[in-house]
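K.L.:
My questions all concern the structure below.
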Amino acid sequence: MTHNAYDDIPYASHAFEPTSIEHLYTMGRLFGLKPTDPEQCSVLEIGCSLGGNLFPMAVRHPQSRFVGIDLSKRQIELAKQAQAEWEISNIEFRAQSLVDLTPGDGTFDYVIVHGIFSWVDHATRQHILRACQENLNVNGLSYVSYNTKPGWNTVTSLRDLMLFHLDPIDDRRARTKEARSLLRFMQTAMKDVDTAYARFMREECDLLLGLSPDYLAHDHLEEVNEPFYFTDFMKMAHEASLQYVADASLSSMYLANFPEHVASEIIHTEDLILREQYMDFFRNRRFRCSLLTHGNHQVIRDLDMLDVGTCYFASALKPVGEQDLNFDQDVAIQYAAGNIHFEAKQPHQKAALHVLWQHEGHRVSLPQLLAACADLLNMAEEQIETTDLIGLLRRLVLAGAVELCMFPSRSQNRVAPCPEVWWLARAEALKRQYVTSLNHEPVSLTQPMRVLFQLLDGTRSIEGVEDAIMTFVSEGELSLPGQDDIKNATEMVALVQSWVSESLDKIRRKGFYV
């Protein structure tokens, strides 16, 4: 076992939402494949790090089998320690080079390769794609993420600057520390310069300084970091007898998300791979998560005809500002989530978005949505145009405004009298900053929130949680936001009650309660 950078600086290990086997299964089904049910499947993760992506899936799917391999012996040892502590028996961690992986190591329904492909040499990339084919079951899906051009063409200049500056330094931790100093210097140097290059450098430095040092050490400062044009990646995949199924993000594939004059030109490109490459150029895309399968499968890719009727829907869309949330035909309601904006005009549109907003990220089935819309509109379900509603949901999914999954939410959309966060998230909160929701979403916790998670084991009432937080604050073991402005005990009680209430609701919205 050779020594490597991940033994010196273990990589932050947490869940990555697009790799969820529920998501991979859903994508496979939508594109006409027959992937294996996540409840009884086998999963291989190449480059599993500390197991942060596998543990949540293994706990949620106890009848499935998981194998994680990583070249870093130290990371595998730490993963095994956590596995023993948490008594999770359906994972096997191996300190193993992916180069040594053969069909004799087993075949799997899902093969996950996240954050590896761009950081290894050409021969190792060939081994990765070979494993994605040879170690993949007949109806299996492989997930591979990688840095892409043209987006990384501009980022490369900053990476080159850091490597040039760090050349005399050998120690990895010292290199990372000096790199952060260089980024701060570049921020200052470009502060008052009003050029496109200066604006890019300031934004990129802000981004990198806001991320963990281990991310900088491995994603930017490793000896190998090679981005690819999508066409070049797919050429390698085809040589390994793999074909493209889809991007892990449906909205990234949808031409209608481009301005009409751009989409009308690209649509004449009949070759799917070339079409996606042109979209990458227009977006200046820098990262991809590609789903692959065996080359002999027929993949159905008509996005406008996706069968979403059997799925569950969730959305982060919320009404913009103060609006009259009635369902009158003449009153439009503006909804937004991040950079996505949508105007609902028709009564069934407004009712559907209102129901999704009420569930705030928790999944709703089409029958549930229909019933709730009928109640809001004071009409029978049969009077609602199901076809129109499905069309609306499909458009919102393809726009990136609604997420879909073929499985219901595992979390409770309410704060119980004695709130209980699922046990793995509480266990993770003891060890690290990131915890995993029941939707396989990594959520960063502040120190007060990490303490709060330990109190939410289902044994305390909300008043009991408030009392415990008050005790921690009074004894100086915990500091809450806004605490420095408190003038007396009455204000402190109000602060604790307000913080607990807001935090419990945030935990609900993020999907942690059982």
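Simple scheme: letters A, B, ... for chains in structure tokens order, numbers from 1 for residues in each chain, numbers from 1 for ligands in the order shown.
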Show me, as a PDB file with N, CA, C and O atoms, in the first residue's frame, the residues that have an atom within 7 Å of Glu17 in chain A when counting only C-alpha atoms, minus same-chain residues fewer than 2 positions from it.

P.N.:
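New file selection.pdb:
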```pdb
ATOM      1  N   ALA A  15     -22.169  13.033   2.658  1.00  0.00           N
ATOM      2  CA  ALA A  15     -23.084  12.607   1.597  1.00  0.00           C
ATOM      3  C   ALA A  15     -23.030  13.579   0.426  1.00  0.00           C
ATOM      4  O   ALA A  15     -22.788  14.779   0.602  1.00  0.00           O
ATOM      5  N   THR A  19     -25.560  11.224  -5.734  1.00  0.00           N
ATOM      6  CA  THR A  19     -25.138   9.818  -5.723  1.00  0.00           C
ATOM      7  C   THR A  19     -26.117   8.917  -4.982  1.00  0.00           C
ATOM      8  O   THR A  19     -25.919   7.692  -4.948  1.00  0.00           O
ATOM      9  N   SER A  20     -27.144   9.467  -4.376  1.00  0.00           N
ATOM     10  CA  SER A  20     -28.126   8.646  -3.660  1.00  0.00           C
ATOM     11  C   SER A  20     -28.675   7.566  -4.579  1.00  0.00           C
ATOM     12  O   SER A  20     -29.073   7.836  -5.714  1.00  0.00           O
ATOM     13  N   HIS A 440     -30.580  12.414   2.017  1.00  0.00           N
ATOM     14  CA  HIS A 440     -29.183  12.272   1.588  1.00  0.00           C
ATOM     15  C   HIS A 440     -28.557  13.617   1.243  1.00  0.00           C
ATOM     16  O   HIS A 440     -27.688  13.729   0.389  1.00  0.00           O
ATOM     17  N   GLU A 441     -28.987  14.644   1.932  1.00  0.00           N
ATOM     18  CA  GLU A 441     -28.433  15.982   1.725  1.00  0.00           C
ATOM     19  C   GLU A 441     -27.471  16.317   2.857  1.00  0.00           C
ATOM     20  O   GLU A 441     -27.828  16.205   4.034  1.00  0.00           O
TER      21      GLU A 441
END
```

K.L.:
Identify, on the basis of only C-alpha atoms, every residue whose closest approach to Ala314 in chain A does not exceed 10 Å; exclude the query and any residue fewer than 5 positions from it along the same chain; express the result as a list in words.

P.N.:
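Counting only C-alpha atoms, the residues come to Leu353, Val355, Leu356, Trp357, His359, Glu360, Gly361, His362, Arg363, Val364, Ser365, Val397, Ala401, Val402, Glu403, Leu404, Cys405, Pro408 and Ser409 of chain A.
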
K.L.:
Go ahead and write the selection's residues with C-alpha atoms as a tab-separated table (two decimals), in the first residue's frame.

P.N.:
```
chain	number	residue	atom	x	y	z
A	353	LEU	CA	-47.30	25.36	-5.87
A	355	VAL	CA	-49.18	22.61	-1.61
A	356	LEU	CA	-45.50	22.09	-2.46
A	357	TRP	CA	-44.62	25.22	-0.50
A	359	HIS	CA	-44.53	20.74	2.43
A	360	GLU	CA	-41.26	22.72	2.07
A	361	GLY	CA	-38.99	20.15	0.52
A	362	HIS	CA	-40.87	17.05	1.68
A	363	ARG	CA	-42.04	14.83	-1.15
A	364	VAL	CA	-45.67	14.72	-2.24
A	365	SER	CA	-47.16	12.08	-4.56
A	397	VAL	CA	-38.74	19.53	-12.87
A	401	ALA	CA	-37.61	24.14	-9.62
A	402	VAL	CA	-39.00	20.78	-8.49
A	403	GLU	CA	-37.10	17.65	-7.51
A	404	LEU	CA	-38.60	14.24	-8.12
A	405	CYS	CA	-38.03	10.79	-6.71
A	408	PRO	CA	-41.63	8.98	-0.49
A	409	SER	CA	-39.88	11.14	2.08
```

K.L.:
Could you make a table, as JSON lines, of the residues of range 144-174 of chain A that have an atom within 10 Å of an atom of range 225-230 of chain A, each with its nearest atom pair and distance in Å to one decimal, counting only C-alpha atoms, in chain and number order?

P.N.:
```
{"residue": "A:Tyr146", "atom": "CA", "partner": "A:Pro227", "partner_atom": "CA", "distance": 6.9}
{"residue": "A:Asn147", "atom": "CA", "partner": "A:Pro227", "partner_atom": "CA", "distance": 4.5}
{"residue": "A:Thr148", "atom": "CA", "partner": "A:Pro227", "partner_atom": "CA", "distance": 4.6}
{"residue": "A:Lys149", "atom": "CA", "partner": "A:Tyr229", "partner_atom": "CA", "distance": 5.0}
{"residue": "A:Pro150", "atom": "CA", "partner": "A:Tyr229", "partner_atom": "CA", "distance": 7.1}
{"residue": "A:Gly151", "atom": "CA", "partner": "A:Pro227", "partner_atom": "CA", "distance": 8.8}
{"residue": "A:Trp152", "atom": "CA", "partner": "A:Pro227", "partner_atom": "CA", "distance": 6.4}
{"residue": "A:Asn153", "atom": "CA", "partner": "A:Pro227", "partner_atom": "CA", "distance": 8.2}
{"residue": "A:Thr156", "atom": "CA", "partner": "A:Asn225", "partner_atom": "CA", "distance": 9.2}
{"residue": "A:Arg159", "atom": "CA", "partner": "A:Asn225", "partner_atom": "CA", "distance": 9.4}
```

K.L.:
Could you list, as a ChimeraX atom specification, every residue within 10 Å of range 65-79 of chain A, counting only C-alpha atoms and ignoring same-chain residues fewer than 2 positions away?

P.N.:
/A:1-11,13,38-55,57-58,61-63,81-85,89-99,101,105-106,108-112

K.L.:
Residues of range 353-419 of chain A that approach range 461-478 of chain A to 8 Å or less, counting only C-alpha atoms: could you list each one with the shortest pair of atoms and its distance in Å to one decimal, rows by chain and increasing residue number, as a tab-separated table?

P.N.:
```
residue	atom	partner	partner_atom	distance
A:Pro417	CA	A:Ser461	CA	5.6
A:Cys418	CA	A:Ser461	CA	4.4
A:Pro419	CA	A:Ser461	CA	7.1
```

K.L.:
CA of Pro347 in chain A and CA of Tyr254 in chain A are how many Å apart?

P.N.:
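Distance between the two atoms: 26.4 Å.
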
K.L.:
Find the distance between CA of Ser498 in chain A and CA of Thr446 in chain A and write it in Å to one decimal.

P.N.:
16.5 Å

K.L.:
Identify all residues of range 15-238 of chain A in helix (DSSP H, G or I) (DSSP on the backbone) and supply them as a PyMOL selection string.

P.N.:
chain A and resi 17-19+21-30+38-40+54-60+73-86+98-100+103-105+117-119+122-134+151-166+172-189+196-209+213-220+230-238

K.L.:
Which parts of range 273-351 of chain A does DSSP call strand (DSSP E) when run on the backbone here, written out as a list in words?

P.N.:
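Strand (DSSP E) assignments inside range 273-351 of chain A correspond to Phe287, Arg288, Cys289, Ser290, Leu291, Leu292, Thr293, His294, Tyr312, Phe313, Ala314, Ser315, Lys318, Pro319, Ile333, Gln334, Tyr335, Ala336, Ala337, Ile340, His341, Phe342, Glu343 and Ala344 of chain A.
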
K.L.:
I'd like the neighbourhood of Leu398 in chain A as a ChimeraX atom specification, where a residue qualifies if any of its atoms comes within 10 Å (using only C-alpha atoms), though same-chain residues fewer than 5 positions away should be ignored.

P.N.:
/A:249-257,303-304,306,393,403
